[in-house]
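Student: Quick one: the structure is below, questions incoming.
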Amino acid sequence: MARDTIDSTPITSVKELAAHLASGSKPKDQFRLGTEHEKFAFYTADLSPVPYAGPRGIEALLKGMEGLLGWEPISDKGNIIGLADPVAGGAISIEPGGQFELSGAPLDTLHQTCRETNAHLAQLNQIAEPLGIGFLGLGFTPTWSRAEVPVMPKSRYAIMSSYMPKVGTLGLDMMYRTSTIQVNLDFADEADMVKKMRVSLALQPVATAIFANSPFTEGKPNGFQSFRAEIWKDTDNQRSGPIPFAFHQDFGFEAYVNWAIDVPMYFVKRGDTYFEATTTTFRQFMNGALKDKLPDGLPTIGDWNNHLSTLFPDVRLKKYLEMRGADGGPWRRICALPALWVGLLYDEGILEDAWQMVKGWSEAERLALRNDVPIHGLKTPFRSGTVLDLARDMVALSREGLKRRARLNEAGQDERLHLASLEEALALGQSPADQMLERYSGVWQGDIRQAYRDYAY
């Protein structure tokens, strides 16, 4: 979650908001990918979470990275809360519980995004190791209680923390105890966006199963393959979920806008001040509901961008599409998640093949996948087979899409190499959660703290 934006261009209509989303359309030869990943910071001496303040805290990490990279600091009421790359466009930010996030720059190839990830982790460890800090790549904190997790000093998080218990039972766990890998991808026009949205929404639970990596809570197995995915089912269903209206015949930019503007806002930002707005929808804001609360009273493009960033559907539409189904994971998985989706969505023929794969699924089947995968993962039944069968088909399609892209690295290898970790696991019929549970009952001898050794970067 990067910097909240300030753009004072006024907006007055749904059509303007839809046009803003549509302005993200670009020719296929200009398609890029942006990879985001979060990880948990912990003290290597005792495996405890890292607080914000102090000589060995998150603040010190951010300041160390600022000195190393020369990126511009992002502040909130005098506290450094992130860094922005003024050249390439990437950013570093912190999630509510101190999860350290890289929002990668928009890049041309998977080779570039993998190099970016590796460079970031090397740079981060250069700063973190002298502070006694390590980083863990999982979807959910395996040992910490929510009470143990520190709170980061970001104004929007204070508003969210107060609001979450009013709209679901697991929203605070989502904020403070989960981590994810995401990829942001482009579309050519409205029709291309619609097709990509439908394919990726249908297949998001399959990706969740492939990347399921959160089977432990507070030191013991929790009964889930992806507890992170389970948490999203009861976080805030007004702003999250599988958005079934995307499969309606009239779906497009304007339909997404009409859903989004009826979701309550979290805040409106003016200058450095955040005004809480959780009882007001964006549509009400457009109709003057905050005239007495704000200096100017009416929404801007900056307000719209900020509101879009507080919506959490399984696939999120901005001026690009965000794939939001995967647990955080070890470094090979950070490269594999964008590889999976680029291969599926960036070749028109493969995208059509993927659409043929999912277009006959009913809304009930899609919802059943989303509800059952957090528990059963790859073993989830589907029609005459399981999600493992779907996962193998999905990865095979992606592999062919990456082959057709034919983007080579210096060694002459194309982007299929970044799918290797997925293909190895699926050949065994295992998710990362399956592998962790095997270790737990085997070499770990029931000691989940070993995850901090085996899954640290």
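Residues in the structure tokens are named by chain (A, B, ... in the order shown) and by number from 1 within that chain; ligands are numbered from 1 in the order shown.
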Pull the alpha helix (DSSP H) assignments for segment 10-232 of chain A out of DSSP run on the backbone, and list those residues as a VMD selection string.
Tutor: chain A and resid 14 to 22 58 to 69 110 to 128 155 to 167 171 to 177 190 to 211 227 to 232
Student: Given the selection you just returned, output its residues as a file containing C-alpha atoms, formatted as a PDB file, in the first residue's frame.
Tutor:
ATOM      1  CA  VAL A  14     -19.844   8.563 -12.724  1.00  0.00           C
ATOM      2  CA  LYS A  15     -18.748   8.948 -16.347  1.00  0.00           C
ATOM      3  CA  GLU A  16     -15.699  10.971 -15.258  1.00  0.00           C
ATOM      4  CA  LEU A  17     -14.729   8.279 -12.772  1.00  0.00           C
ATOM      5  CA  ALA A  18     -15.144   5.569 -15.417  1.00  0.00           C
ATOM      6  CA  ALA A  19     -13.091   7.608 -17.886  1.00  0.00           C
ATOM      7  CA  HIS A  20     -10.337   7.845 -15.283  1.00  0.00           C
ATOM      8  CA  LEU A  21     -10.179   4.046 -15.045  1.00  0.00           C
ATOM      9  CA  ALA A  22     -10.340   3.718 -18.842  1.00  0.00           C
ATOM     10  CA  ILE A  58      11.011  -0.233  11.481  1.00  0.00           C
ATOM     11  CA  GLU A  59      11.764   3.485  11.486  1.00  0.00           C
ATOM     12  CA  ALA A  60      15.493   2.726  11.632  1.00  0.00           C
ATOM     13  CA  LEU A  61      15.086   0.246   8.771  1.00  0.00           C
ATOM     14  CA  LEU A  62      13.348   2.827   6.608  1.00  0.00           C
ATOM     15  CA  LYS A  63      15.949   5.482   7.356  1.00  0.00           C
ATOM     16  CA  GLY A  64      18.716   3.017   6.586  1.00  0.00           C
ATOM     17  CA  MET A  65      17.087   2.178   3.250  1.00  0.00           C
ATOM     18  CA  GLU A  66      16.676   5.881   2.524  1.00  0.00           C
ATOM     19  CA  GLY A  67      20.405   6.377   3.025  1.00  0.00           C
ATOM     20  CA  LEU A  68      21.287   3.341   0.924  1.00  0.00           C
ATOM     21  CA  LEU A  69      18.917   3.973  -1.997  1.00  0.00           C
ATOM     22  CA  LEU A 110       9.671 -11.146 -15.476  1.00  0.00           C
ATOM     23  CA  HIS A 111      13.459 -11.331 -15.538  1.00  0.00           C
ATOM     24  CA  GLN A 112      13.538  -7.644 -14.600  1.00  0.00           C
ATOM     25  CA  THR A 113      10.987  -7.974 -11.823  1.00  0.00           C
ATOM     26  CA  CYS A 114      12.865 -10.962 -10.372  1.00  0.00           C
ATOM     27  CA  ARG A 115      16.117  -9.002 -10.424  1.00  0.00           C
ATOM     28  CA  GLU A 116      14.327  -6.101  -8.742  1.00  0.00           C
ATOM     29  CA  THR A 117      13.085  -8.425  -5.987  1.00  0.00           C
ATOM     30  CA  ASN A 118      16.495  -9.985  -5.441  1.00  0.00           C
ATOM     31  CA  ALA A 119      18.163  -6.564  -5.308  1.00  0.00           C
ATOM     32  CA  HIS A 120      15.579  -5.313  -2.810  1.00  0.00           C
ATOM     33  CA  LEU A 121      16.049  -8.293  -0.506  1.00  0.00           C
ATOM     34  CA  ALA A 122      19.837  -7.960  -0.667  1.00  0.00           C
ATOM     35  CA  GLN A 123      19.661  -4.232   0.081  1.00  0.00           C
ATOM     36  CA  LEU A 124      17.187  -4.763   2.899  1.00  0.00           C
ATOM     37  CA  ASN A 125      19.321  -7.443   4.520  1.00  0.00           C
ATOM     38  CA  GLN A 126      22.354  -5.151   4.263  1.00  0.00           C
ATOM     39  CA  ILE A 127      20.510  -2.694   6.529  1.00  0.00           C
ATOM     40  CA  ALA A 128      18.631  -5.239   8.639  1.00  0.00           C
ATOM     41  CA  SER A 155      -3.166   7.867  10.029  1.00  0.00           C
ATOM     42  CA  ARG A 156      -5.224   5.733   7.658  1.00  0.00           C
ATOM     43  CA  TYR A 157      -4.455   2.629   9.725  1.00  0.00           C
ATOM     44  CA  ALA A 158      -5.848   4.220  12.883  1.00  0.00           C
ATOM     45  CA  ILE A 159      -9.120   4.905  11.028  1.00  0.00           C
ATOM     46  CA  MET A 160      -9.203   1.367   9.616  1.00  0.00           C
ATOM     47  CA  SER A 161      -8.441  -0.241  12.985  1.00  0.00           C
ATOM     48  CA  SER A 162     -11.384   1.535  14.573  1.00  0.00           C
ATOM     49  CA  TYR A 163     -13.724   0.644  11.699  1.00  0.00           C
ATOM     50  CA  MET A 164     -12.837  -3.001  11.037  1.00  0.00           C
ATOM     51  CA  PRO A 165     -14.534  -4.572  14.098  1.00  0.00           C
ATOM     52  CA  LYS A 166     -17.810  -2.912  13.022  1.00  0.00           C
ATOM     53  CA  VAL A 167     -17.957  -4.756   9.683  1.00  0.00           C
ATOM     54  CA  GLY A 171     -10.374  -7.419   9.711  1.00  0.00           C
ATOM     55  CA  LEU A 172      -7.760  -6.668  12.355  1.00  0.00           C
ATOM     56  CA  ASP A 173      -6.086 -10.004  11.640  1.00  0.00           C
ATOM     57  CA  MET A 174      -6.021  -9.066   7.956  1.00  0.00           C
ATOM     58  CA  MET A 175      -4.344  -5.763   8.787  1.00  0.00           C
ATOM     59  CA  TYR A 176      -1.822  -6.899  11.358  1.00  0.00           C
ATOM     60  CA  ARG A 177      -1.048 -10.565  10.725  1.00  0.00           C
ATOM     61  CA  GLU A 190     -12.596  -2.077 -21.842  1.00  0.00           C
ATOM     62  CA  ALA A 191     -13.244  -5.416 -23.563  1.00  0.00           C
ATOM     63  CA  ASP A 192      -9.740  -6.615 -22.677  1.00  0.00           C
ATOM     64  CA  MET A 193     -10.188  -5.475 -19.076  1.00  0.00           C
ATOM     65  CA  VAL A 194     -13.506  -7.333 -18.806  1.00  0.00           C
ATOM     66  CA  LYS A 195     -12.068 -10.588 -20.135  1.00  0.00           C
ATOM     67  CA  LYS A 196      -8.995 -10.387 -17.900  1.00  0.00           C
ATOM     68  CA  MET A 197     -11.147  -9.503 -14.900  1.00  0.00           C
ATOM     69  CA  ARG A 198     -13.449 -12.491 -15.427  1.00  0.00           C
ATOM     70  CA  VAL A 199     -10.660 -15.001 -16.063  1.00  0.00           C
ATOM     71  CA  SER A 200      -8.608 -13.817 -13.106  1.00  0.00           C
ATOM     72  CA  LEU A 201     -11.593 -13.675 -10.730  1.00  0.00           C
ATOM     73  CA  ALA A 202     -12.589 -17.229 -11.662  1.00  0.00           C
ATOM     74  CA  LEU A 203      -9.045 -18.529 -11.258  1.00  0.00           C
ATOM     75  CA  GLN A 204      -8.067 -16.504  -8.189  1.00  0.00           C
ATOM     76  CA  PRO A 205      -9.039 -19.349  -5.797  1.00  0.00           C
ATOM     77  CA  VAL A 206      -6.847 -21.711  -7.834  1.00  0.00           C
ATOM     78  CA  ALA A 207      -3.930 -19.312  -7.396  1.00  0.00           C
ATOM     79  CA  THR A 208      -4.772 -19.171  -3.688  1.00  0.00           C
ATOM     80  CA  ALA A 209      -4.472 -22.966  -3.540  1.00  0.00           C
ATOM     81  CA  ILE A 210      -1.166 -22.973  -5.442  1.00  0.00           C
ATOM     82  CA  PHE A 211       0.323 -20.342  -3.111  1.00  0.00           C
ATOM     83  CA  PHE A 227      -5.805 -18.851   6.743  1.00  0.00           C
ATOM     84  CA  ARG A 228      -5.045 -15.519   5.049  1.00  0.00           C
ATOM     85  CA  ALA A 229      -7.674 -16.337   2.399  1.00  0.00           C
ATOM     86  CA  GLU A 230     -10.133 -17.421   5.097  1.00  0.00           C
ATOM     87  CA  ILE A 231      -9.666 -14.076   6.851  1.00  0.00           C
ATOM     88  CA  TRP A 232     -10.817 -12.209   3.748  1.00  0.00           C
TER      89      TRP A 232
END
Student: I'd like the neighbourhood of Leu138 of chain A as a PDB file with C-alpha atoms, in the first residue's frame, where a residue qualifies if any of its atoms comes within 6 Å (using only C-alpha atoms), though same-chain residues fewer than 5 positions away should be ignored.
Tutor:
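And here's result-v3.pdb as it stands now:
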ATOM      1  CA  ASN A 213       1.145 -20.770   2.817  1.00  0.00           C
ATOM      2  CA  GLY A 328       3.209 -14.246   0.915  1.00  0.00           C
ATOM      3  CA  GLY A 329       6.012 -16.698   0.284  1.00  0.00           C
TER       4      GLY A 329
END
Student: Tell me which protein, DNA and RNA residues are within 12 Å of Lys293 of chain A, counting only C-alpha atoms, leaving out same-chain ones fewer than 3 positions away, and put them as a ChimeraX atom specification.
Tutor: /A:267-270,274-277,280,285,288-290,296-298
Student: With distances taken over only C-alpha atoms, which residue among A:Ser103, A:Asn222, A:Gln238, A:Gln430 lies nearest Ile334 of chain A?
Tutor: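 With only C-alpha atoms as the atom set, the closest residue is A:Ser103.
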Student: So that I can check the surroundings of Phe282 of chain A, please list as a short mmCIF file (atom, residue, chain, number, x, y, z; two decimals) with C-alpha atoms, in the first residue's frame every protein, DNA and RNA residue that reaches within 10 Å of it, counting only C-alpha atoms and ignoring chain neighbours fewer than 2 positions away.
Tutor:
data_model
loop_
_atom_site.label_atom_id
_atom_site.label_comp_id
_atom_site.auth_asym_id
_atom_site.auth_seq_id
_atom_site.Cartn_x
_atom_site.Cartn_y
_atom_site.Cartn_z
CA VAL A 257 -17.57 2.57 -10.59
CA ASN A 258 -21.22 2.14 -9.60
CA ALA A 260 -17.23 1.30 -5.81
CA ILE A 261 -19.06 4.56 -5.11
CA ASP A 262 -21.62 2.78 -2.95
CA VAL A 263 -18.91 1.41 -0.64
CA PRO A 264 -18.30 3.47 2.53
CA MET A 265 -15.05 5.42 2.51
CA TYR A 266 -12.38 5.22 5.16
CA ALA A 277 -15.43 9.27 6.59
CA THR A 280 -20.23 8.15 4.03
CA GLN A 284 -22.88 10.50 -0.96
CA PHE A 285 -19.59 12.41 -0.98
CA MET A 286 -20.24 13.33 -4.62
CA ASN A 287 -23.69 14.54 -3.61
CA GLY A 288 -22.32 16.93 -1.00
CA ALA A 289 -22.49 14.85 2.20
CA PRO A 299 -14.40 15.02 -4.23
CA ASP A 303 -9.99 11.21 -3.36
CA TRP A 304 -11.13 8.68 -5.98
CA HIS A 307 -10.93 5.29 -2.26
#
Student: Could you list, as number ranges by chain, every residue within 12 Å of Gly57 of chain A, counting only C-alpha atoms and ignoring same-chain residues fewer than 3 positions away?
Tutor: A: 41-43, 48-54, 60-64, 80, 98, 100, 127-128, 130-134, 150-152
Student: Would you mind listing what lies within 7 Å of Gly168 of chain A as a VMD selection string, with only C-alpha atoms counted and same-chain residues fewer than 4 positions away left out?
Tutor: chain A and resid 164 234 to 236
Student: When you count only C-alpha atoms, which of these residues is closest to Phe31 of chain A: A:Asp454, A:Asp347, A:Glu129, A:Asp46?
Tutor: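 When distances to Phe31 of chain A are compared using only C-alpha atoms, the smallest one comes from A:Asp347.
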Student: My list of candidates is A:Leu378, A:Met394, A:Ser13, A:Leu185. Which is closest to Thr300 of chain A when distances are computed with only C-alpha atoms?
Tutor: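 Closest candidate: A:Ser13.
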